[in-house]
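Q: Structure supplied as protein.cif; contents: mmCIF, C-alpha atoms and all ligand atoms.
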data_my_file
#
loop_
_atom_site.label_atom_id
_atom_site.label_comp_id
_atom_site.auth_asym_id
_atom_site.auth_seq_id
_atom_site.Cartn_x
_atom_site.Cartn_y
_atom_site.Cartn_z
CA MET A 476 -66.06 49.65 -176.91
CA GLN A 477 -67.90 46.79 -175.20
CA TYR A 478 -71.13 45.17 -176.49
CA ASP A 479 -73.27 42.22 -175.47
CA VAL A 480 -73.25 41.02 -179.05
CA ILE A 481 -71.08 41.68 -182.09
CA ILE A 482 -72.43 40.43 -185.39
CA ILE A 483 -70.10 40.19 -188.39
CA GLY A 484 -72.06 40.55 -191.64
CA ALA A 485 -74.86 43.05 -192.27
CA GLY A 486 -76.73 40.87 -194.73
CA ALA A 487 -80.16 39.30 -194.29
CA ALA A 488 -79.25 37.05 -191.34
CA GLY A 489 -76.98 39.53 -189.53
CA LEU A 490 -79.38 42.49 -189.72
CA PHE A 491 -82.34 40.38 -188.68
CA CYS A 492 -80.49 38.80 -185.79
CA GLY A 493 -79.20 42.22 -184.72
CA LEU A 494 -82.58 43.91 -184.64
CA ASN A 495 -84.16 41.04 -182.73
CA ALA A 496 -81.35 40.89 -180.17
CA ALA A 497 -81.52 44.69 -179.74
CA ARG A 498 -85.30 44.48 -179.27
CA LEU A 499 -84.62 42.01 -176.46
CA GLY A 500 -82.46 44.61 -174.75
CA LYS A 501 -78.96 43.56 -175.83
CA SER A 502 -76.33 46.09 -176.83
CA VAL A 503 -75.61 45.12 -180.44
CA LEU A 504 -72.95 46.06 -182.97
CA VAL A 505 -73.30 44.86 -186.58
CA LEU A 506 -70.12 45.14 -188.66
CA ASP A 507 -69.66 44.74 -192.41
CA HIS A 508 -66.71 45.37 -194.68
CA ALA A 509 -68.99 46.35 -197.57
CA LYS A 510 -69.95 49.99 -198.07
CA ALA A 511 -73.68 49.32 -197.79
CA PRO A 512 -75.70 46.78 -195.77
CA GLY A 513 -77.91 44.12 -197.34
CA GLU A 514 -76.43 44.26 -200.82
CA LYS A 515 -77.62 40.77 -201.77
CA ILE A 516 -81.12 41.59 -200.61
CA ARG A 517 -81.01 44.68 -202.84
CA ILE A 518 -80.14 42.72 -206.00
CA SER A 519 -82.20 39.63 -205.18
CA GLY A 520 -85.25 38.55 -207.11
CA GLY A 521 -84.39 40.89 -209.99
CA GLY A 522 -84.53 43.86 -207.57
CA ARG A 523 -87.83 42.75 -206.00
CA CYS A 524 -86.49 40.27 -203.42
CA ASN A 525 -88.20 36.90 -203.21
CA PHE A 526 -88.23 37.29 -199.43
CA THR A 527 -89.89 34.01 -198.44
CA ASN A 528 -91.92 31.08 -199.72
CA LEU A 529 -95.42 30.20 -198.53
CA HIS A 530 -94.57 26.49 -198.71
CA THR A 531 -91.36 26.65 -196.65
CA ALA A 532 -90.72 23.28 -195.01
CA PRO A 533 -87.61 21.34 -193.96
CA GLU A 534 -87.79 19.34 -197.22
CA ASN A 535 -86.83 22.45 -199.18
CA PHE A 536 -83.31 22.53 -197.71
CA LEU A 537 -80.08 20.64 -198.31
CA SER A 538 -77.89 20.01 -195.28
CA GLY A 539 -75.64 17.29 -193.86
CA ASN A 540 -78.36 16.90 -191.21
CA ARG A 541 -81.86 17.23 -192.71
CA HIS A 542 -83.36 17.72 -189.22
CA PHE A 543 -81.16 20.71 -188.37
CA VAL A 544 -83.45 23.38 -189.89
CA LYS A 545 -86.62 22.15 -188.18
CA SER A 546 -86.45 24.01 -184.88
CA ALA A 547 -85.65 27.47 -186.29
CA LEU A 548 -88.12 27.16 -189.19
CA ARG A 549 -90.88 26.10 -186.79
CA ARG A 550 -90.26 28.86 -184.28
CA TYR A 551 -89.88 31.71 -186.81
CA THR A 552 -92.01 30.93 -189.85
CA GLN A 553 -92.70 32.47 -193.23
CA TYR A 554 -95.95 33.84 -191.75
CA ASP A 555 -94.01 35.65 -189.01
CA PHE A 556 -91.91 37.40 -191.63
CA ILE A 557 -94.98 38.23 -193.74
CA GLU A 558 -96.51 39.81 -190.61
CA MET A 559 -93.45 42.06 -190.28
CA ILE A 560 -93.60 43.04 -193.96
CA ASP A 561 -97.30 43.84 -193.59
CA ALA A 562 -96.68 45.88 -190.43
CA HIS A 563 -94.27 47.99 -192.52
CA GLU A 564 -96.86 48.28 -195.30
CA ILE A 565 -94.53 46.84 -197.91
CA PRO A 566 -96.79 45.58 -200.70
CA TRP A 567 -96.05 42.08 -202.01
CA HIS A 568 -97.46 39.42 -204.29
CA GLU A 569 -97.12 35.71 -204.91
CA LYS A 570 -95.42 35.19 -208.24
CA THR A 571 -95.52 31.41 -208.62
CA LEU A 572 -95.02 28.27 -206.51
CA GLY A 573 -95.51 30.18 -203.23
CA GLN A 574 -92.71 32.65 -204.00
CA LEU A 575 -93.40 36.06 -202.41
CA PHE A 576 -91.87 39.19 -203.97
CA CYS A 577 -92.09 42.91 -203.17
CA ASP A 578 -94.40 44.78 -205.56
CA GLY A 579 -91.98 47.69 -205.45
CA SER A 580 -88.32 47.30 -204.59
CA ALA A 581 -86.05 45.05 -202.53
CA LYS A 582 -84.64 48.28 -201.10
CA GLN A 583 -87.79 48.48 -198.95
CA ILE A 584 -86.71 45.29 -197.15
CA VAL A 585 -83.17 46.61 -196.59
CA ALA A 586 -84.58 49.89 -195.27
CA MET A 587 -86.98 48.03 -192.96
CA LEU A 588 -84.16 45.95 -191.45
CA VAL A 589 -81.73 48.87 -191.06
CA ASN A 590 -84.42 51.16 -189.56
CA GLU A 591 -85.65 48.49 -187.14
CA LEU A 592 -82.08 47.81 -186.02
CA ALA A 593 -81.53 51.52 -185.34
CA LYS A 594 -84.95 51.90 -183.66
CA ALA A 595 -84.10 49.09 -181.26
CA GLY A 596 -80.80 50.78 -180.39
CA GLY A 597 -78.48 48.56 -182.42
CA GLU A 598 -75.37 50.05 -184.03
CA LEU A 599 -74.34 49.41 -187.63
CA ARG A 600 -70.86 50.04 -189.02
CA THR A 601 -70.24 49.45 -192.72
CA GLY A 602 -66.93 49.81 -194.58
CA CYS A 603 -65.36 48.14 -191.55
CA GLY A 604 -62.83 45.46 -192.49
CA ILE A 605 -62.09 42.97 -189.72
CA ARG A 606 -58.38 42.40 -189.01
CA THR A 607 -58.38 39.88 -186.17
CA VAL A 608 -60.86 38.03 -184.00
CA GLY A 609 -59.43 37.08 -180.62
CA ARG A 610 -60.82 35.24 -177.64
CA SER A 611 -60.32 36.80 -174.20
CA ASP A 612 -63.23 37.04 -171.78
CA GLY A 613 -65.62 37.12 -174.73
CA PHE A 614 -64.30 38.22 -178.13
CA THR A 615 -62.01 41.07 -179.14
CA LEU A 616 -62.12 42.30 -182.72
CA THR A 617 -59.51 44.56 -184.23
CA THR A 618 -60.93 46.35 -187.25
CA GLU A 619 -60.25 49.24 -189.62
CA GLN A 620 -62.45 51.35 -187.34
CA GLY A 621 -60.94 50.41 -184.00
CA THR A 622 -61.14 47.64 -181.42
CA PHE A 623 -64.49 46.23 -180.25
CA ARG A 624 -65.30 43.73 -177.55
CA GLY A 625 -68.34 41.49 -177.45
CA ALA A 626 -69.56 39.01 -174.86
CA ALA A 627 -70.96 36.98 -177.77
CA LEU A 628 -69.98 36.83 -181.43
CA VAL A 629 -72.34 36.00 -184.30
CA ILE A 630 -70.90 35.10 -187.70
CA ALA A 631 -73.31 36.06 -190.47
CA THR A 632 -70.90 36.52 -193.36
CA GLY A 633 -72.79 34.39 -195.88
CA GLY A 634 -71.24 32.20 -198.54
CA LYS A 635 -68.75 32.73 -201.35
CA SER A 636 -71.14 33.46 -204.19
CA ILE A 637 -70.77 36.74 -206.09
CA PRO A 638 -67.33 37.78 -204.74
CA LYS A 639 -67.58 41.17 -206.42
CA MET A 640 -70.40 42.01 -203.99
CA GLY A 641 -68.21 41.40 -200.94
CA ALA A 642 -68.66 37.65 -200.48
CA THR A 643 -65.68 35.98 -198.79
CA GLY A 644 -64.80 32.72 -197.10
CA PHE A 645 -64.33 34.64 -193.85
CA GLY A 646 -66.98 32.74 -191.89
CA TYR A 647 -65.38 29.41 -192.73
CA GLU A 648 -61.97 30.73 -191.59
CA ILE A 649 -63.42 31.86 -188.25
CA ALA A 650 -65.06 28.46 -187.80
CA ARG A 651 -61.73 26.73 -188.40
CA GLN A 652 -59.91 29.21 -186.14
CA PHE A 653 -62.15 28.09 -183.28
CA GLY A 654 -61.93 24.41 -184.14
CA LEU A 655 -65.33 23.95 -185.82
CA PRO A 656 -65.52 21.66 -188.87
CA VAL A 657 -66.57 23.04 -192.25
CA THR A 658 -68.01 20.73 -194.92
CA ASP A 659 -66.92 20.81 -198.56
CA ILE A 660 -68.41 23.85 -200.21
CA ARG A 661 -69.45 24.38 -203.83
CA PRO A 662 -71.46 26.84 -205.93
CA ALA A 663 -75.19 26.02 -206.08
CA LEU A 664 -78.30 27.45 -207.73
CA VAL A 665 -75.96 28.03 -210.65
CA PRO A 666 -76.16 27.66 -214.47
CA LEU A 667 -74.49 24.53 -215.87
CA THR A 668 -71.95 24.71 -218.71
CA PHE A 669 -71.30 22.29 -221.56
CA GLY A 670 -67.98 23.44 -223.04
CA GLU A 671 -67.34 23.84 -226.77
CA GLY A 672 -70.13 22.84 -229.13
CA GLY A 673 -72.73 23.20 -226.36
CA PHE A 674 -76.09 24.66 -227.22
CA GLY A 675 -75.04 27.75 -229.22
CA ALA A 676 -77.69 26.99 -231.88
CA LEU A 677 -80.40 27.04 -229.21
CA ALA A 678 -79.20 30.04 -227.20
CA GLY A 679 -82.03 32.23 -225.95
CA LEU A 680 -84.68 29.52 -226.24
CA SER A 681 -86.74 28.74 -223.15
CA LEU A 682 -89.39 26.14 -222.35
CA ASP A 683 -91.15 24.34 -219.52
CA ALA A 684 -89.07 21.28 -218.64
CA SER A 685 -88.48 18.79 -215.91
CA VAL A 686 -84.83 18.33 -214.91
CA ALA A 687 -83.45 15.56 -212.72
CA ALA A 688 -80.07 15.36 -210.99
CA GLY A 689 -79.39 12.52 -208.59
CA ALA A 690 -82.64 11.73 -206.78
CA ALA A 691 -84.09 15.24 -207.19
CA ARG A 692 -86.36 16.42 -209.99
CA PHE A 693 -87.65 19.95 -210.63
CA ARG A 694 -90.22 21.11 -213.15
CA GLU A 695 -89.82 24.79 -213.98
CA GLY A 696 -88.47 26.92 -216.82
CA LEU A 697 -85.32 25.88 -218.70
CA LEU A 698 -83.20 28.32 -220.71
CA PHE A 699 -80.54 27.49 -223.32
CA THR A 700 -77.58 29.87 -223.14
CA HIS A 701 -74.40 30.26 -225.23
CA ARG A 702 -72.48 28.45 -222.50
CA GLY A 703 -75.01 25.81 -221.52
CA LEU A 704 -78.26 25.60 -219.57
CA SER A 705 -79.92 27.91 -217.08
CA GLY A 706 -83.41 28.78 -215.85
CA PRO A 707 -85.04 27.77 -212.56
CA SER A 708 -85.21 24.02 -213.26
CA ILE A 709 -81.47 23.90 -213.99
CA LEU A 710 -80.53 26.13 -211.02
CA GLN A 711 -82.53 23.86 -208.73
CA ALA A 712 -80.97 20.70 -210.16
CA SER A 713 -77.46 22.21 -209.92
CA SER A 714 -77.62 21.91 -206.12
CA TYR A 715 -77.88 18.12 -206.51
CA TRP A 716 -75.47 17.73 -209.46
CA ARG A 717 -71.82 16.66 -209.05
CA GLU A 718 -68.93 16.90 -211.55
CA GLY A 719 -68.91 13.97 -213.96
CA ASP A 720 -72.59 13.14 -213.33
CA GLY A 721 -75.31 13.52 -215.92
CA ILE A 722 -78.64 15.31 -215.71
CA ARG A 723 -81.87 14.07 -217.27
CA VAL A 724 -84.13 16.53 -219.06
CA ASP A 725 -87.77 15.96 -219.98
CA VAL A 726 -88.61 18.55 -222.64
CA LEU A 727 -92.25 17.39 -222.92
CA PRO A 728 -93.31 16.96 -219.27
CA SER A 729 -97.02 17.44 -219.95
CA ASP A 730 -97.34 15.01 -222.86
CA ASP A 731 -96.78 11.38 -223.67
CA ALA A 732 -94.20 11.87 -226.46
CA PHE A 733 -94.82 8.43 -227.98
CA GLU A 734 -98.55 9.20 -228.27
CA VAL A 735 -97.80 12.58 -229.81
CA LEU A 736 -95.50 11.03 -232.41
CA ARG A 737 -97.81 8.09 -233.16
CA ASN A 738 -100.81 10.40 -233.62
CA ALA A 739 -98.72 12.61 -235.92
CA ARG A 740 -97.72 9.56 -237.99
CA GLN A 741 -101.35 8.49 -238.25
CA SER A 742 -102.81 11.86 -239.14
CA ALA A 743 -100.07 13.19 -241.46
CA GLY A 744 -97.46 10.52 -242.22
CA ARG A 745 -95.75 12.53 -244.94
CA GLN A 746 -94.56 15.24 -242.60
CA THR A 747 -91.01 15.09 -241.22
CA VAL A 748 -90.42 14.14 -237.60
CA ARG A 749 -89.08 17.64 -237.10
CA THR A 750 -92.34 19.17 -238.33
CA ALA A 751 -94.36 16.85 -236.11
CA LEU A 752 -92.27 17.84 -233.10
CA SER A 753 -92.60 21.53 -233.93
CA ALA A 754 -96.27 21.23 -232.98
CA VAL A 755 -95.29 20.61 -229.34
CA LEU A 756 -91.74 22.02 -229.04
CA PRO A 757 -90.03 25.26 -230.09
CA LYS A 758 -88.98 24.87 -233.78
CA ARG A 759 -85.23 25.21 -233.14
CA LEU A 760 -85.32 22.52 -230.46
CA ALA A 761 -87.38 20.21 -232.70
CA ALA A 762 -84.75 20.60 -235.44
CA TYR A 763 -81.94 19.96 -232.95
CA LEU A 764 -83.52 16.79 -231.58
CA ALA A 765 -84.71 15.43 -234.95
CA PRO A 766 -82.24 16.65 -237.57
CA GLU A 767 -83.07 14.00 -240.25
CA ASP A 768 -85.47 14.84 -243.07
CA GLY A 769 -87.31 11.49 -243.52
CA ASN A 770 -91.09 11.14 -243.30
CA ILE A 771 -92.50 10.19 -239.93
CA ALA A 772 -94.42 7.38 -241.69
CA ASP A 773 -91.06 5.67 -242.31
CA LEU A 774 -90.47 5.23 -238.55
CA ASN A 775 -91.77 2.11 -236.85
CA ASP A 776 -93.01 2.02 -233.25
CA ALA A 777 -89.57 1.10 -231.90
CA ALA A 778 -88.00 4.14 -233.59
CA LEU A 779 -90.78 6.40 -232.29
CA ARG A 780 -90.30 4.97 -228.81
CA ALA A 781 -86.55 5.64 -228.95
CA LEU A 782 -87.21 9.25 -229.97
CA ALA A 783 -89.92 9.62 -227.30
CA ASP A 784 -87.48 8.33 -224.72
CA ARG A 785 -84.96 10.98 -225.77
CA LEU A 786 -87.60 13.69 -225.33
CA HIS A 787 -88.57 12.51 -221.83
CA ASN A 788 -85.15 11.39 -220.69
CA TRP A 789 -82.53 13.44 -222.53
CA GLN A 790 -79.23 12.56 -220.87
CA LEU A 791 -76.71 15.38 -220.75
CA ILE A 792 -73.34 15.59 -219.02
CA PRO A 793 -72.42 19.15 -218.00
CA SER A 794 -68.71 20.01 -218.15
CA GLY A 795 -69.04 22.30 -215.14
CA SER A 796 -70.96 25.24 -213.70
CA GLU A 797 -70.58 28.99 -213.95
CA GLY A 798 -69.10 28.92 -210.43
CA TYR A 799 -69.29 31.47 -207.64
CA ARG A 800 -69.31 34.31 -210.17
CA THR A 801 -73.03 33.75 -210.81
CA ALA A 802 -74.11 31.15 -208.21
CA GLU A 803 -76.95 32.37 -206.01
CA VAL A 804 -75.71 30.42 -203.02
CA THR A 805 -72.92 28.29 -201.58
CA LEU A 806 -73.75 24.68 -200.81
CA GLY A 807 -72.15 23.40 -197.59
CA GLY A 808 -70.60 25.45 -194.81
CA VAL A 809 -70.11 25.24 -191.07
CA ASP A 810 -70.94 21.66 -190.14
CA THR A 811 -74.35 21.46 -188.46
CA ASP A 812 -73.06 18.70 -186.16
CA ALA A 813 -71.00 21.37 -184.41
CA LEU A 814 -73.99 23.70 -183.86
CA ASP A 815 -77.02 23.65 -181.58
CA SER A 816 -80.06 23.63 -183.90
CA ARG A 817 -82.15 25.58 -181.38
CA THR A 818 -79.72 28.46 -180.86
CA MET A 819 -77.16 28.27 -183.72
CA ALA A 820 -74.41 28.41 -181.07
CA ALA A 821 -71.26 26.33 -181.39
CA LYS A 822 -71.61 23.32 -179.10
CA SER A 823 -67.96 23.67 -178.08
CA MET A 824 -68.16 27.45 -177.54
CA PRO A 825 -71.69 28.57 -176.60
CA ASP A 826 -70.98 32.31 -177.05
CA LEU A 827 -70.05 31.86 -180.74
CA TYR A 828 -72.95 31.67 -183.21
CA PHE A 829 -73.26 30.97 -186.95
CA ILE A 830 -76.39 31.98 -188.87
CA GLY A 831 -77.62 32.24 -192.46
CA GLU A 832 -75.81 30.94 -195.50
CA VAL A 833 -72.45 30.38 -193.77
CA VAL A 834 -74.03 27.31 -192.14
CA ASP A 835 -74.31 24.02 -194.06
CA VAL A 836 -77.96 24.74 -194.90
CA THR A 837 -78.93 25.57 -198.48
CA GLY A 838 -82.45 26.27 -199.61
CA TRP A 839 -84.07 25.64 -202.95
CA LEU A 840 -84.61 28.52 -205.32
CA GLY A 841 -87.76 30.47 -204.44
CA GLY A 842 -87.31 32.50 -201.24
CA TYR A 843 -86.17 29.60 -199.04
CA ASN A 844 -82.66 30.98 -198.50
CA PHE A 845 -83.95 34.27 -197.14
CA GLN A 846 -86.38 32.41 -194.89
CA TRP A 847 -83.42 30.47 -193.49
CA ALA A 848 -81.60 33.77 -192.89
CA TRP A 849 -84.64 35.17 -190.99
CA SER A 850 -85.34 31.95 -189.03
CA SER A 851 -81.73 31.21 -188.04
CA GLY A 852 -81.10 34.88 -187.20
CA TRP A 853 -84.20 34.99 -185.02
CA ALA A 854 -83.31 31.72 -183.26
CA ALA A 855 -79.84 33.02 -182.38
CA ALA A 856 -81.26 36.34 -181.15
CA GLN A 857 -83.50 34.55 -178.63
CA ALA A 858 -80.49 32.78 -177.14
CA LEU A 859 -77.97 35.64 -177.09
P1 LIG A 901 -75.38 37.67 -197.07
O1 LIG A 901 -74.49 37.27 -198.19
O2 LIG A 901 -76.69 38.28 -197.38
O3 LIG A 901 -74.62 38.69 -196.11
C1 LIG A 901 -73.29 38.48 -195.70
C2 LIG A 901 -72.70 39.82 -195.33
O4 LIG A 901 -71.41 39.58 -194.76
C3 LIG A 901 -72.48 40.72 -196.55
O5 LIG A 901 -73.04 41.98 -196.28
C4 LIG A 901 -70.97 40.76 -196.70
O6 LIG A 901 -70.51 42.02 -197.16
C5 LIG A 901 -70.50 40.52 -195.27
N1 LIG A 901 -69.16 39.96 -195.21
C6 LIG A 901 -68.66 38.91 -195.92
N2 LIG A 901 -67.37 38.73 -195.60
C7 LIG A 901 -67.06 39.67 -194.67
C8 LIG A 901 -65.86 39.98 -193.98
N3 LIG A 901 -64.72 39.30 -194.20
N4 LIG A 901 -65.87 41.01 -193.10
C9 LIG A 901 -67.01 41.73 -192.89
N5 LIG A 901 -68.18 41.48 -193.53
C10 LIG A 901 -68.19 40.45 -194.41
N6 LIG A 901 -82.48 34.07 -201.83
C11 LIG A 901 -83.82 34.10 -201.68
O7 LIG A 901 -84.34 33.51 -200.73
N7 LIG A 901 -84.60 34.81 -202.56
C12 LIG A 901 -84.06 35.50 -203.60
O8 LIG A 901 -84.77 36.19 -204.36
C13 LIG A 901 -82.66 35.42 -203.80
N8 LIG A 901 -82.08 36.03 -204.87
C14 LIG A 901 -80.71 36.03 -205.00
C15 LIG A 901 -80.13 36.67 -206.09
C16 LIG A 901 -78.75 36.69 -206.24
C17 LIG A 901 -78.13 37.34 -207.44
C18 LIG A 901 -77.95 36.06 -205.25
C19 LIG A 901 -76.44 36.10 -205.35
C20 LIG A 901 -78.53 35.42 -204.17
C21 LIG A 901 -79.91 35.37 -204.04
N9 LIG A 901 -80.52 34.71 -202.98
C22 LIG A 901 -81.88 34.73 -202.86
C23 LIG A 901 -79.73 34.07 -201.91
C24 LIG A 901 -79.65 35.03 -200.71
O9 LIG A 901 -79.23 36.30 -201.17
C25 LIG A 901 -78.68 34.53 -199.65
O10 LIG A 901 -78.93 33.19 -199.34
C26 LIG A 901 -78.80 35.39 -198.41
O11 LIG A 901 -78.45 36.71 -198.73
C27 LIG A 901 -77.90 34.86 -197.30
O12 LIG A 901 -77.98 35.76 -196.22
P2 LIG A 901 -76.75 35.93 -195.23
O13 LIG A 901 -77.10 37.06 -194.35
O14 LIG A 901 -76.38 34.64 -194.66
O15 LIG A 901 -75.54 36.36 -196.18
#
How does this structure look as structure tokens?
Ligand code: FDA
A:
Amino acid sequence: MQYDVIIIGAGAAGLFCGLNAARLGKSVLVLDHAKAPGEKIRISGGGRCNFTNLHTAPENFLSGNRHFVKSALRRYTQYDFIEMIDAHEIPWHEKTLGQLFCDGSAKQIVAMLVNELAKAGGELRTGCGIRTVGRSDGFTLTTEQGTFRGAALVIATGGKSIPKMGATGFGYEIARQFGLPVTDIRPALVPLTFGEGGFGALAGLSLDASVAAGAARFREGLLFTHRGLSGPSILQASSYWREGDGIRVDVLPSDDAFEVLRNARQSAGRQTVRTALSAVLPKRLAAYLAPEDGNIADLNDAALRALADRLHNWQLIPSGSEGYRTAEVTLGGVDTDALDSRTMAAKSMPDLYFIGEVVDVTGWLGGYNFQWAWSSGWAAAQAL
């Protein structure tokens, strides 16, 4: 069977690229080895899919080339995707920080993409493992469901996170097969672990915190787990953290901790430091950070300042991360230097395209990764 375009990967980027290319009159085949399309969309955002972010801008993405995302994000914006959602009467709401979620279910987004692909005449084959990808007057794919030929090939196989949902390193292998460089890859938007004796005593506790890793700082929720730290602020920071590095946690981002402690000493000097801290921090965390029983009146300004510094600048060295098993995304991917930022085509092979998470473009937590899938998929579709 011969097609204008074969897309491998029926996730967010592949489905969106497919339906747009089909709308433009191309014969399109979308292939996926998983049983169902759009599985990550289905489980995303706790089943409600954080499908974009109102504040999407190039600054919200990590990439070897920070300019690479600009063209696609400018030409297919968050507002374009919202218009499509509205046209399909899928109700949504802003949760926080510009993050848009379905009111109902993420399945509505999957259904919209699959239906629009079919309506435009595109073909979708799931449960279709790919055996070989060959180059001969276009591309020839041998698969579990037969041999297919495409004038152009789009790789939309995503990253390696959540292997039990069908994630593979297939896209990186195809890139290497055709001589395209792939950057180092690593799990990102992932909880950080602290080995034995971590934060067991604090497990389950959550608070508003500001977390810094490298030059980046994020203020959102932080959650103590049996294995370490999680919550949005930690997931965000994990994309900037490297093995052996520390992170810096401010557990009192809204207050001046020294002022809080000094006022407590002045107003009730016979209370313990722990009690004073319990007024502004969860009790268990106050006890963890100030285990001694002495009166706060016994601490001079220097001691209060040292404690305040610990509250604003708590230095922690993670032993690792939870890895691809729970990471929301893969940092790194097909090197953007090898791709045309306007079309997503390989510079060395203009009929081979890479879109979505397989590319070395990683968004922050908050709907940015789906917006990249929509924008890059749309950009490729215009050029196919
Ligand atoms: P995606 O992973 O969606 O699709 C790739 C497809 O390729 C899959 O269908 C896979 O089966 C297929 N495939 C892989 N290897 C193959 C092979 N060898 N042969 C054939 N097919 C193959 N982002 C966001 O913006 N908002 C959110 O709310 C969330 N929430 C979220 C929750 C969880 C638990 C995770 C794991 C991730 C998120 N994300 C997210 C991230 C988001 O899901 C992700 O960035 C996009 O799905 C990437 O879209 P792609 O289409 O590039 O890959």
Q: Return the single residue from A:Asp773, A:Val748, A:Glu832, A:Ile630 that is closest to Phe845 of chain A, with distances computed using all atoms listed in the file.
A: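 Nearest candidate to Phe845 of chain A out of A:Asp773, A:Val748, A:Glu832, A:Ile630: A:Glu832.
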Q: Using all atoms listed in the file, what table do you get, as CSV, when you list each residue of chain A with an atom no more than 7 Å from ligand LIG 901 (chain A), its nearest pair of atoms, and their distance in Å rounded to one decimal, rows by chain then rising number?
A:
residue,atom,partner,partner_atom,distance
A:Ile483,CA,A:LIG901,N5,5.6
A:Gly484,CA,A:LIG901,O4,3.3
A:Ala485,CA,A:LIG901,O5,4.5
A:Gly486,CA,A:LIG901,O3,3.3
A:Ala487,CA,A:LIG901,O13,3.8
A:Ala488,CA,A:LIG901,O13,3.7
A:Gly489,CA,A:LIG901,O13,5.4
A:Leu506,CA,A:LIG901,C9,6.3
A:Asp507,CA,A:LIG901,N5,3.8
A:His508,CA,A:LIG901,C9,4.1
A:Ala509,CA,A:LIG901,O6,4.6
A:Pro512,CA,A:LIG901,O5,5.5
A:Gly513,CA,A:LIG901,O5,5.4
A:Glu514,CA,A:LIG901,O5,6.1
A:Lys515,CA,A:LIG901,O9,4.8
A:Ile516,CA,A:LIG901,O9,5.6
A:Ile518,CA,A:LIG901,C17,5.9
A:Ser519,CA,A:LIG901,N8,3.6
A:Gly520,CA,A:LIG901,O8,3.7
A:Cys524,CA,A:LIG901,O8,4.5
A:Asn525,CA,A:LIG901,O8,3.7
A:Phe526,CA,A:LIG901,N7,5.4
A:Thr527,CA,A:LIG901,O7,6.0
A:Cys603,CA,A:LIG901,C9,6.8
A:Gly604,CA,A:LIG901,N4,5.4
A:Ile605,CA,A:LIG901,N4,5.4
A:Ala631,CA,A:LIG901,O14,5.4
A:Thr632,CA,A:LIG901,O4,3.4
A:Gly633,CA,A:LIG901,O15,3.4
A:Gly634,CA,A:LIG901,O1,6.0
A:Ser636,CA,A:LIG901,C19,6.0
A:Ile637,CA,A:LIG901,C19,5.8
A:Met640,CA,A:LIG901,O6,6.8
A:Gly641,CA,A:LIG901,O6,4.5
A:Ala642,CA,A:LIG901,C6,4.7
A:Thr643,CA,A:LIG901,N2,4.5
A:Gly644,CA,A:LIG901,N2,6.7
A:Phe645,CA,A:LIG901,N3,4.7
A:Thr801,CA,A:LIG901,C19,6.9
A:Ala802,CA,A:LIG901,C19,6.2
A:Glu803,CA,A:LIG901,C19,3.8
A:Val804,CA,A:LIG901,C23,5.5
A:Ile830,CA,A:LIG901,O14,6.4
A:Gly831,CA,A:LIG901,O14,3.5
A:Glu832,CA,A:LIG901,O14,3.8
A:Val833,CA,A:LIG901,O14,5.9
A:Leu840,CA,A:LIG901,C11,6.7
A:Gly841,CA,A:LIG901,N7,5.7
A:Gly842,CA,A:LIG901,O7,3.2
A:Tyr843,CA,A:LIG901,O7,4.6
A:Asn844,CA,A:LIG901,O7,3.8
A:Phe845,CA,A:LIG901,O7,3.7
A:Gln846,CA,A:LIG901,O7,6.3
A:Ala848,CA,A:LIG901,O12,5.3
Q: One decimal, Å: what's the distance from atom CA of Pro566 of chain A over to atom CA of Asp578 of chain A, could you say?
A: 5.5 Å
Q: State, in Å with one decimal place, the distance from atom CA of Arg692 of chain A to atom CA of Pro766 of chain A.
A: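 We find that atom CA of Arg692 of chain A and atom CA of Pro766 of chain A lie 27.9 Å from each other.
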Q: Would you mind telling me which residue in A:Leu667, A:Ala688, A:Val629, A:Leu592 lies nearest to Gly646 of chain A when using only C-alpha atoms?
A: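 Residue with the minimum atom-to-atom distance to Gly646 of chain A: A:Val629.
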Q: Can you work out which one of A:Lys635, A:Lys545, A:Gly596, A:Gly573 has the shortest atom-to-atom distance to Arg498 of chain A, counting all atoms listed in the file?
A: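 Of A:Lys635, A:Lys545, A:Gly596, A:Gly573, the one nearest Arg498 of chain A is A:Gly596, counting all atoms listed in the file.
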Q: Using Å and a single decimal, report how far atom CA of Val480 of chain A sits from atom CA of Gly493 of chain A.
A: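 Atom CA of Gly493 of chain A sits 8.3 Å away from atom CA of Val480 of chain A.
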